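What's in input-v6.tsv: TSV, C-alpha atoms
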```tsv
chain	number	residue	atom	x	y	z
A	9	MET	CA	33.90	-30.96	-46.10
A	10	ALA	CA	30.38	-30.39	-44.78
A	11	SER	CA	27.67	-32.55	-46.22
A	12	PRO	CA	24.97	-30.79	-48.29
A	13	ALA	CA	22.40	-31.50	-45.54
A	14	VAL	CA	24.51	-29.74	-42.90
A	15	HIS	CA	25.35	-26.92	-45.27
A	16	ASN	CA	21.67	-26.36	-46.00
A	17	ALA	CA	20.52	-26.59	-42.38
A	18	PRO	CA	20.63	-22.87	-41.50
A	19	SER	CA	18.44	-21.96	-44.46
A	20	LEU	CA	15.68	-24.39	-43.48
A	21	VAL	CA	12.81	-23.76	-41.15
A	22	THR	CA	10.17	-26.09	-39.71
A	23	ALA	CA	6.65	-25.54	-40.97
A	24	ALA	CA	5.54	-24.53	-37.47
A	25	GLY	CA	7.26	-22.14	-35.09
A	26	GLY	CA	9.81	-19.40	-35.35
A	27	GLN	CA	7.65	-17.32	-37.71
A	28	GLY	CA	6.64	-14.53	-35.33
A	29	THR	CA	7.71	-10.95	-36.01
A	30	VAL	CA	8.97	-8.54	-33.36
A	31	GLY	CA	5.48	-7.02	-33.45
A	32	ASP	CA	3.92	-10.41	-32.63
A	33	TYR	CA	6.06	-10.72	-29.51
A	34	ILE	CA	5.17	-7.17	-28.50
A	35	ALA	CA	1.49	-8.04	-29.01
A	36	LEU	CA	1.94	-10.96	-26.58
A	37	LEU	CA	2.73	-8.39	-23.90
A	38	LYS	CA	-0.70	-6.73	-24.35
A	39	PRO	CA	0.79	-3.24	-24.87
A	40	ARG	CA	-2.48	-1.37	-24.35
A	41	VAL	CA	-3.04	-2.99	-20.97
A	42	MET	CA	0.64	-2.45	-20.21
A	43	SER	CA	0.35	1.29	-20.89
A	44	LEU	CA	-2.37	1.58	-18.23
A	45	VAL	CA	-0.28	-0.54	-15.85
A	46	ILE	CA	2.74	1.73	-16.38
A	47	PHE	CA	0.69	4.87	-15.89
A	48	THR	CA	-1.00	3.73	-12.65
A	49	ALA	CA	2.34	2.40	-11.35
A	50	VAL	CA	4.03	5.75	-12.05
A	51	VAL	CA	1.27	7.45	-10.05
A	52	GLY	CA	1.81	4.96	-7.20
A	53	LEU	CA	5.53	5.71	-7.28
A	54	PHE	CA	5.02	9.47	-7.05
A	55	ALA	CA	2.15	9.29	-4.56
A	56	ALA	CA	4.09	7.18	-2.07
A	57	PRO	CA	5.68	9.06	0.83
A	58	GLY	CA	9.44	8.78	0.88
A	59	HIS	CA	12.26	8.83	-1.61
A	60	ILE	CA	13.54	6.44	-4.24
A	61	HIS	CA	16.58	7.01	-6.46
A	62	PRO	CA	15.23	8.09	-9.89
A	63	TRP	CA	17.05	5.21	-11.63
A	64	MET	CA	15.63	2.70	-9.16
A	65	GLY	CA	12.20	4.24	-9.71
A	66	PHE	CA	12.68	3.62	-13.44
A	67	VAL	CA	13.81	0.04	-12.75
A	68	ALA	CA	10.75	-0.55	-10.56
A	69	ILE	CA	8.38	0.67	-13.30
A	70	LEU	CA	10.24	-1.38	-15.93
A	71	CYS	CA	9.94	-4.54	-13.80
A	72	ILE	CA	6.24	-3.92	-13.14
A	73	ALA	CA	5.68	-3.38	-16.89
A	74	LEU	CA	7.62	-6.54	-17.77
A	75	GLY	CA	5.71	-8.52	-15.13
A	76	ALA	CA	2.42	-7.26	-16.58
A	77	GLY	CA	3.59	-8.16	-20.08
A	78	ALA	CA	4.64	-11.61	-18.91
A	79	SER	CA	1.18	-12.13	-17.39
A	80	GLY	CA	-0.34	-11.13	-20.73
A	81	ALA	CA	1.81	-13.63	-22.64
A	82	LEU	CA	0.97	-16.45	-20.20
A	83	ASN	CA	-2.72	-15.51	-20.39
A	84	MET	CA	-2.61	-15.70	-24.20
A	85	TRP	CA	-0.81	-19.05	-24.02
A	86	TYR	CA	-3.50	-20.57	-21.77
A	87	ASP	CA	-6.48	-18.89	-23.45
A	88	ALA	CA	-5.45	-19.52	-27.08
A	89	ASP	CA	-8.46	-21.85	-27.59
A	90	ILE	CA	-10.90	-19.18	-26.36
A	91	ASP	CA	-9.13	-16.39	-28.27
A	92	ALA	CA	-9.45	-18.35	-31.52
A	93	VAL	CA	-13.26	-18.27	-31.44
A	94	MET	CA	-13.72	-14.68	-30.30
A	95	LYS	CA	-13.80	-11.93	-32.94
A	96	ARG	CA	-11.96	-9.45	-30.69
A	97	THR	CA	-9.06	-11.84	-30.01
A	98	ALA	CA	-8.89	-14.12	-33.07
A	99	SER	CA	-6.03	-12.11	-34.58
A	100	ARG	CA	-3.79	-12.47	-31.50
A	101	PRO	CA	-0.37	-14.03	-32.24
A	102	ILE	CA	-1.14	-17.59	-31.09
A	103	PRO	CA	-4.58	-18.16	-32.71
A	104	SER	CA	-3.35	-16.47	-35.89
A	105	GLY	CA	-0.45	-18.95	-36.01
A	106	ALA	CA	2.31	-16.34	-35.86
A	107	VAL	CA	3.66	-17.58	-32.53
A	108	GLU	CA	3.66	-21.16	-31.25
A	109	PRO	CA	2.02	-21.76	-27.82
A	110	GLY	CA	5.32	-23.10	-26.45
A	111	GLU	CA	7.16	-19.97	-27.59
A	112	ALA	CA	4.63	-17.77	-25.80
A	113	LEU	CA	4.89	-19.92	-22.66
A	114	GLY	CA	8.69	-19.69	-22.61
A	115	PHE	CA	8.58	-15.96	-23.32
A	116	GLY	CA	6.09	-15.37	-20.48
A	117	LEU	CA	7.94	-17.54	-17.96
A	118	VAL	CA	11.35	-15.98	-18.66
A	119	LEU	CA	9.94	-12.46	-18.38
A	120	SER	CA	8.07	-13.36	-15.15
A	121	VAL	CA	11.16	-14.72	-13.42
A	122	ALA	CA	13.42	-11.93	-14.73
A	123	SER	CA	11.08	-9.11	-13.68
A	124	VAL	CA	10.59	-10.50	-10.15
A	125	LEU	CA	14.31	-11.20	-9.65
A	126	MET	CA	15.40	-7.76	-10.89
A	127	LEU	CA	12.83	-5.99	-8.69
A	128	GLY	CA	13.85	-8.07	-5.65
A	129	LEU	CA	17.60	-7.67	-6.12
A	130	TRP	CA	17.68	-3.98	-7.02
A	131	VAL	CA	14.64	-2.40	-5.36
A	132	ASN	CA	13.23	-4.41	-2.44
A	133	VAL	CA	11.93	-7.85	-1.60
A	134	ALA	CA	8.45	-6.68	-0.55
A	135	SER	CA	7.64	-5.18	-3.97
A	136	ALA	CA	9.12	-8.23	-5.75
A	137	ALA	CA	6.96	-10.57	-3.64
A	138	LEU	CA	3.92	-8.47	-4.51
A	139	LEU	CA	4.80	-8.59	-8.23
A	140	ALA	CA	5.24	-12.37	-8.08
A	141	PHE	CA	1.87	-12.69	-6.34
A	142	THR	CA	0.24	-10.44	-8.97
A	143	ILE	CA	1.55	-12.58	-11.84
A	144	PHE	CA	0.42	-15.75	-10.02
A	145	PHE	CA	-2.98	-14.21	-9.27
A	146	TYR	CA	-3.59	-13.15	-12.89
A	147	VAL	CA	-2.30	-16.30	-14.56
A	148	VAL	CA	-3.36	-19.03	-12.13
A	149	ILE	CA	-6.24	-17.63	-10.04
A	150	TYR	CA	-7.91	-15.54	-12.76
A	151	THR	CA	-6.96	-17.16	-16.09
A	152	MET	CA	-6.77	-20.84	-15.11
A	153	VAL	CA	-9.27	-21.08	-12.24
A	154	LEU	CA	-11.89	-18.33	-12.33
A	155	LYS	CA	-12.32	-17.20	-15.93
A	156	ARG	CA	-13.96	-20.38	-17.26
A	157	ARG	CA	-15.83	-21.27	-14.06
A	158	THR	CA	-17.63	-18.31	-12.56
A	159	PRO	CA	-19.38	-15.15	-13.76
A	160	GLN	CA	-17.67	-13.40	-10.84
A	161	ASN	CA	-14.34	-13.91	-12.68
A	162	ILE	CA	-13.98	-10.19	-13.34
A	163	VAL	CA	-14.74	-9.14	-9.76
A	164	ILE	CA	-12.06	-11.32	-8.15
A	165	GLY	CA	-9.66	-11.37	-11.10
A	166	GLY	CA	-9.82	-7.58	-11.31
A	167	ALA	CA	-7.54	-7.49	-8.29
A	168	ALA	CA	-4.61	-8.47	-10.51
A	169	GLY	CA	-4.96	-5.26	-12.52
A	170	ALA	CA	-5.26	-3.25	-9.33
A	171	PHE	CA	-1.89	-4.27	-7.88
A	172	PRO	CA	0.57	-2.22	-10.06
A	173	PRO	CA	0.25	1.11	-8.17
A	174	MET	CA	0.51	-0.81	-4.90
A	175	ILE	CA	3.71	-2.56	-6.09
A	176	ALA	CA	5.21	0.80	-7.13
A	177	TRP	CA	4.23	2.33	-3.75
A	178	THR	CA	5.87	-0.61	-1.97
A	179	ALA	CA	9.00	-0.12	-4.11
A	180	VAL	CA	9.35	3.29	-2.43
A	181	THR	CA	8.28	2.51	1.14
A	182	GLY	CA	9.07	-1.20	1.50
A	183	THR	CA	5.66	-1.80	3.10
A	184	ILE	CA	1.99	-1.89	2.10
A	185	GLU	CA	0.35	1.23	3.51
A	186	PRO	CA	-3.29	2.50	3.59
A	187	GLY	CA	-2.52	4.93	0.74
A	188	ALA	CA	-1.44	2.05	-1.49
A	189	VAL	CA	-4.64	0.17	-0.60
A	190	ALA	CA	-6.65	3.27	-1.58
A	191	LEU	CA	-5.08	3.26	-5.08
A	192	PHE	CA	-5.69	-0.50	-5.31
A	193	LEU	CA	-9.39	-0.01	-4.45
A	194	LEU	CA	-9.85	2.60	-7.21
A	195	ILE	CA	-8.91	0.07	-9.92
A	196	PHE	CA	-10.49	-2.91	-8.16
A	197	MET	CA	-13.93	-1.30	-7.97
A	198	TRP	CA	-13.64	0.20	-11.48
A	199	THR	CA	-12.97	-3.17	-13.15
A	200	PRO	CA	-16.43	-4.85	-12.95
A	201	PRO	CA	-18.50	-2.04	-14.54
A	202	HIS	CA	-15.75	-1.52	-17.15
A	203	PHE	CA	-15.65	-5.18	-18.25
A	204	TRP	CA	-19.37	-5.87	-17.88
A	205	ALA	CA	-20.09	-2.92	-20.19
A	206	LEU	CA	-17.77	-4.60	-22.72
A	207	ALA	CA	-19.32	-8.02	-22.06
A	208	LEU	CA	-22.82	-6.64	-22.76
A	209	PHE	CA	-22.00	-5.48	-26.27
A	210	ARG	CA	-19.72	-8.49	-26.89
A	211	GLU	CA	-22.07	-11.02	-25.29
A	212	GLY	CA	-22.23	-13.25	-28.36
A	213	ASP	CA	-18.44	-13.50	-28.49
A	214	TYR	CA	-18.12	-14.67	-24.88
A	215	ALA	CA	-21.04	-17.10	-25.20
A	216	LYS	CA	-19.46	-18.64	-28.34
A	217	ALA	CA	-16.21	-19.14	-26.44
A	218	GLY	CA	-18.02	-20.65	-23.44
A	219	VAL	CA	-16.73	-17.99	-21.03
A	220	PRO	CA	-19.32	-17.54	-18.25
A	221	MET	CA	-19.50	-13.75	-18.30
A	222	LEU	CA	-22.31	-12.26	-16.26
A	223	PRO	CA	-24.60	-11.36	-19.24
A	224	ASN	CA	-24.71	-14.92	-20.61
A	225	VAL	CA	-25.11	-16.52	-17.16
A	226	ALA	CA	-27.31	-14.15	-15.14
A	227	GLY	CA	-28.87	-12.23	-18.04
A	228	ARG	CA	-28.59	-8.71	-19.35
A	229	ALA	CA	-30.97	-7.15	-16.80
A	230	GLU	CA	-28.97	-8.53	-13.86
A	231	THR	CA	-25.70	-7.36	-15.46
A	232	LYS	CA	-27.08	-3.86	-15.88
A	233	LYS	CA	-28.10	-3.87	-12.18
A	234	GLN	CA	-24.64	-5.07	-11.13
A	235	ILE	CA	-22.98	-2.37	-13.28
A	236	LEU	CA	-25.04	0.25	-11.45
A	237	ILE	CA	-24.26	-1.24	-8.00
A	238	TYR	CA	-20.50	-1.33	-8.64
A	239	SER	CA	-20.61	2.17	-10.11
A	240	LEU	CA	-22.29	3.39	-6.90
A	241	LEU	CA	-19.58	1.65	-4.87
A	242	LEU	CA	-17.05	3.87	-6.66
A	243	VAL	CA	-18.41	6.81	-4.61
A	244	PRO	CA	-16.97	5.68	-1.24
A	245	VAL	CA	-13.89	4.33	-2.99
A	246	ILE	CA	-12.91	7.70	-4.52
A	247	ALA	CA	-12.90	9.06	-0.95
A	248	ALA	CA	-10.21	6.56	0.11
A	249	PRO	CA	-7.22	8.56	-1.27
A	250	LEU	CA	-8.60	11.61	0.58
A	251	ALA	CA	-8.96	9.69	3.85
A	252	THR	CA	-5.44	8.31	3.61
A	253	GLY	CA	-3.92	11.68	2.76
A	254	THR	CA	-2.78	10.45	-0.65
A	255	ALA	CA	-4.73	13.18	-2.44
A	256	GLY	CA	-6.39	16.51	-1.66
A	257	TRP	CA	-9.06	18.94	-2.85
A	258	LEU	CA	-8.01	19.06	-6.52
A	259	TYR	CA	-8.31	15.29	-6.81
A	260	GLY	CA	-11.44	15.27	-4.63
A	261	SER	CA	-13.38	17.75	-6.75
A	262	GLY	CA	-12.18	16.29	-10.06
A	263	ALA	CA	-12.89	12.70	-9.03
A	264	ALA	CA	-16.35	13.67	-7.76
A	265	LEU	CA	-17.28	15.24	-11.12
A	266	LEU	CA	-15.84	12.31	-13.10
A	267	THR	CA	-17.69	9.79	-10.93
A	268	LEU	CA	-20.95	11.71	-11.36
A	269	LYS	CA	-20.55	11.35	-15.13
A	270	PHE	CA	-19.65	7.65	-14.65
A	271	LEU	CA	-22.85	7.16	-12.62
A	272	GLY	CA	-24.84	8.99	-15.30
A	273	ASP	CA	-23.50	6.63	-17.99
A	274	ALA	CA	-24.14	3.58	-15.78
A	275	MET	CA	-27.70	4.81	-15.19
A	276	ALA	CA	-28.17	5.19	-18.98
A	277	VAL	CA	-27.13	1.53	-19.39
A	278	PHE	CA	-29.52	0.51	-16.60
A	279	ARG	CA	-32.45	2.39	-18.15
A	280	ALA	CA	-31.84	1.39	-21.78
A	281	ALA	CA	-35.02	-0.24	-23.00
A	282	ASP	CA	-34.02	-1.79	-26.32
A	283	ARG	CA	-30.90	-3.62	-27.49
A	284	ALA	CA	-29.64	-0.85	-29.80
A	285	THR	CA	-29.88	1.82	-27.08
A	286	GLU	CA	-28.29	-0.59	-24.62
A	287	ASP	CA	-25.32	-1.31	-26.90
A	288	ARG	CA	-24.80	2.41	-27.51
A	289	ALA	CA	-24.95	3.16	-23.78
A	290	CYS	CA	-22.56	0.28	-23.00
A	291	LYS	CA	-20.01	1.46	-25.56
A	292	LYS	CA	-20.26	4.97	-24.11
A	293	LEU	CA	-19.76	3.69	-20.55
A	294	PHE	CA	-16.87	1.43	-21.62
A	295	GLY	CA	-15.10	4.33	-23.36
A	296	PHE	CA	-15.68	6.75	-20.52
A	297	SER	CA	-14.56	4.23	-17.89
A	298	ILE	CA	-11.07	4.19	-19.50
A	299	LEU	CA	-10.98	7.98	-19.42
A	300	TRP	CA	-12.24	7.93	-15.80
A	301	LEU	CA	-9.40	5.73	-14.58
A	302	PHE	CA	-6.79	7.72	-16.49
A	303	ALA	CA	-8.14	11.07	-15.26
A	304	VAL	CA	-8.53	10.04	-11.61
A	305	PHE	CA	-4.93	8.80	-11.44
A	306	ALA	CA	-3.71	11.83	-13.44
A	307	LEU	CA	-5.31	14.11	-10.83
A	308	ILE	CA	-3.39	12.38	-8.03
A	309	LEU	CA	-0.15	12.71	-10.02
A	310	VAL	CA	-0.68	16.37	-10.95
A	311	GLU	CA	-1.55	17.24	-7.35
A	312	LYS	CA	1.60	15.56	-6.12
A	313	LEU	CA	3.81	17.20	-8.75
A	314	LEU	CA	2.34	20.65	-7.99
A	315	GLY	CA	2.92	20.12	-4.27
A	316	LEU	CA	-0.80	20.39	-3.53
A	317	ALA	CA	-1.16	16.91	-1.99
A	318	PRO	CA	-1.84	16.89	1.75
A	319	VAL	CA	0.88	15.89	4.21
A	320	GLY	CA	-1.23	13.49	6.30
A	321	GLY	CA	-4.61	11.79	6.20
A	322	LEU	CA	-7.22	10.38	8.53
A	323	LEU	CA	-5.79	6.87	8.32
B	9	MET	CA	6.51	-36.33	-35.38
B	10	ALA	CA	8.63	-33.25	-36.15
B	11	ALA	CA	7.21	-30.74	-38.60
B	12	PRO	CA	8.72	-31.01	-42.12
B	13	LEU	CA	11.58	-28.68	-43.00
B	14	GLN	CA	10.95	-26.04	-45.64
B	15	PRO	CA	13.36	-23.54	-47.19
B	16	PHE	CA	13.36	-20.00	-45.81
B	17	SER	CA	11.49	-17.55	-47.99
B	18	PRO	CA	12.88	-13.99	-48.35
B	19	GLU	CA	10.06	-12.88	-45.97
B	20	ASP	CA	11.21	-15.46	-43.40
B	21	MET	CA	14.76	-14.13	-43.65
B	22	THR	CA	13.62	-10.52	-43.18
B	23	ARG	CA	11.54	-11.52	-40.15
B	24	ARG	CA	14.45	-13.46	-38.69
B	25	ARG	CA	16.88	-10.57	-39.25
B	26	LYS	CA	14.51	-8.13	-37.52
B	27	ARG	CA	14.03	-10.54	-34.60
B	28	ASN	CA	17.78	-10.93	-34.22
B	29	LEU	CA	18.28	-7.18	-34.32
B	30	ALA	CA	15.59	-6.72	-31.66
B	31	LEU	CA	17.27	-9.37	-29.49
B	32	ALA	CA	20.62	-7.62	-29.88
B	33	LEU	CA	19.05	-4.34	-28.79
B	34	VAL	CA	17.45	-6.05	-25.78
B	35	LEU	CA	20.83	-7.51	-24.79
B	36	VAL	CA	22.54	-4.11	-25.06
B	37	ALA	CA	19.72	-2.54	-23.01
B	38	LEU	CA	20.15	-5.27	-20.38
B	39	MET	CA	23.89	-4.54	-20.20
B	40	VAL	CA	23.19	-0.85	-19.58
B	41	LEU	CA	20.47	-1.73	-17.05
B	42	PHE	CA	22.71	-4.13	-15.10
B	43	PHE	CA	25.70	-1.77	-15.15
B	44	VAL	CA	23.87	1.40	-14.08
B	45	SER	CA	21.73	-0.43	-11.49
B	46	THR	CA	24.82	-1.99	-9.92
B	47	MET	CA	26.59	1.38	-9.81
B	48	VAL	CA	23.55	3.05	-8.23
B	49	ARG	CA	23.19	0.25	-5.63
B	50	LEU	CA	26.88	0.38	-4.74
B	51	GLY	CA	26.87	4.15	-4.40
B	52	GLY	CA	29.15	6.90	-5.71
B	53	THR	CA	31.98	6.27	-3.27
B	54	VAL	CA	32.46	2.61	-4.13
B	55	ALA	CA	35.97	3.25	-5.52
B	56	GLU	CA	37.08	4.85	-2.25
B	57	ARG	CA	35.94	2.17	0.20
B	58	SER	CA	38.52	0.19	2.15
B	59	LEU	CA	38.93	-3.40	1.02
```

Structure re-expressed in structure tokens:
Amino acid sequence: MASPAVHNAPSLVTAAGGQGTVGDYIALLKPRVMSLVIFTAVVGLFAAPGHIHPWMGFVAILCIALGAGASGALNMWYDADIDAVMKRTASRPIPSGAVEPGEALGFGLVLSVASVLMLGLWVNVASAALLAFTIFFYVVIYTMVLKRRTPQNIVIGGAAGAFPPMIAWTAVTGTIEPGAVALFLLIFMWTPPHFWALALFREGDYAKAGVPMLPNVAGRAETKKQILIYSLLLVPVIAAPLATGTAGWLYGSGAALLTLKFLGDAMAVFRAADRATEDRACKKLFGFSILWLFAVFALILVEKLLGLAPVGGLL
Amino acid sequence: MAAPLQPFSPEDMTRRRKRNLALALVLVALMVLFFVSTMVRLGGTVAERSL
């Protein structure tokens, strides 16, 4: 006969661990970031020249999404101490106590390995290698090395968020082509003004956590100047999909108008004289920057689906 | 030192049941994913190939 202790074992739980809900584990994957990753990857998949079996296309997007989610979980595991002191992130699963750090680490590692293996075995090795590099870049280069050391963390680390459409493109073609680099550049150059706008109206949060974001290291005036510079750099970057033949006139005209509005919002941030106006302008730029990225990629997708995309480019 | 054991509350049990259900769904989805992906990779004429 089983002893009372053994009989009672399944109905006991340790005080720590094993308390997370399904929602907590989904939150570890950073679903909002993941939705943008999925969308830009889908555009990369459609924009790439060549053919991929629809099921394999689905598998590629699933693996990219899982890889992005894994990066998010590993980022939350490493940054739990910072997240706990920042208002925006204090309710995340680890600082709130819903998920143990070790559980998040295991979850992130398993998903990382699984997503890379599945992409490599079923789609192609080149895209799997790129996905593995992206996870490494986000978790090790950005989260562990750059984020707590340099105010340029966003500039270099932004590359991690720019890889998904390139991975999807490579899933179709098996190689990295100029068109894929053009899509990469769109996100890469968009990241600094997007995050610095957020950092300006959340400056106190980052300073409290000891994260050297540009506003609390170089000052608000310098950050506003850098936002304007990077916003201006978006102008040549939006031409890259045109030059590579990835997109045509519909994208070109739409992206030009959207970027004009982006520049207008960046200029409003630059010119803001007092803190209240500055915060308002930053929130406006931050909100519009999300719409800008979505719309620019949507234009490429729509053009491709309507058969309006050009056949070849300059590069 | 290991954390002390406490009895499961009804909320704990509900959470655990939902987690288990989600895991079961993930496993079923993985089965479908592995099966269909293998079939697609092998191609439609796999049953007719010479051994």

Who sits within 9 Å of Gly256 of chain A, all atoms listed in the file, same chain under 5 positions skipped, as a ChimeraX atom specification: /A:249-250,261,308,311,316-318

Show me, as a VMD selection string, the residues that have an atom within 10 Å of Lys26 of chain B when counting only C-alpha atoms, minus same-chain residues fewer than 5 positions from it. (chain A and resid 29 to 31) or (chain B and resid 20 to 21 31 to 32)

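When all atoms listed in the file are used to compute distances to chain B, the closest of the residues A:Val67, A:Ala167, A:Met221, A:Ala229 turns out to be A:Val67.
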
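A straight line drawn from atom CA of Pro186 of chain A to atom CA of Phe66 of chain A is 23.4 Å long.
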
Could you produce a table of the residues of chain B lying within 9 Å of chain A, with the nearest pair of atoms per residue and their separation in Å rounded to one decimal, using only C-alpha atoms, ordered by chain and increasing residue number, as a tab-separated table?
```
residue	atom	partner	partner_atom	distance
B:Ala10	CA	A:Thr22	CA	8.1
B:Ala11	CA	A:Thr22	CA	5.6
B:Pro12	CA	A:Thr22	CA	5.7
B:Leu13	CA	A:Thr22	CA	4.4
B:Gln14	CA	A:Val21	CA	5.4
B:Pro15	CA	A:Leu20	CA	4.5
B:Phe16	CA	A:Leu20	CA	5.5
B:Ser17	CA	A:Ser19	CA	9.0
B:Asp20	CA	A:Gln27	CA	7.0
B:Met21	CA	A:Ser19	CA	8.7
B:Arg23	CA	A:Thr29	CA	5.7
B:Arg24	CA	A:Thr29	CA	7.7
B:Lys26	CA	A:Val30	CA	6.9
B:Arg27	CA	A:Val30	CA	5.6
B:Ala30	CA	A:Val30	CA	7.1
B:Leu41	CA	A:Val67	CA	8.1
B:Val44	CA	A:Trp63	CA	8.2
B:Ser45	CA	A:Trp130	CA	7.0
B:Thr46	CA	A:Trp130	CA	8.0
B:Val48	CA	A:Trp63	CA	7.6
B:Arg49	CA	A:Trp130	CA	7.1
```

Counting only C-alpha atoms, the residue of A:Ile298, A:Val225, A:Met174, A:Ala255 that sits nearest Lys312 of chain A: A:Ala255

Pick out the residues sitting within 7 Å of Ala170 of chain A, and hand them over as JSON, numbers by chain; count all atoms listed in the file, and ignore anything fewer than 3 positions along from it in its own chain. {"A": [166, 167, 192, 195, 196]}

At a cut-off of 9 Å, using all atoms listed in the file, what residues contact Leu309 of chain A? Leave out same-chain residues fewer than 4 positions from it and give the result as an MDAnalysis selection string. chainID A and resid 50:52 54:55 255 304:305 313:314
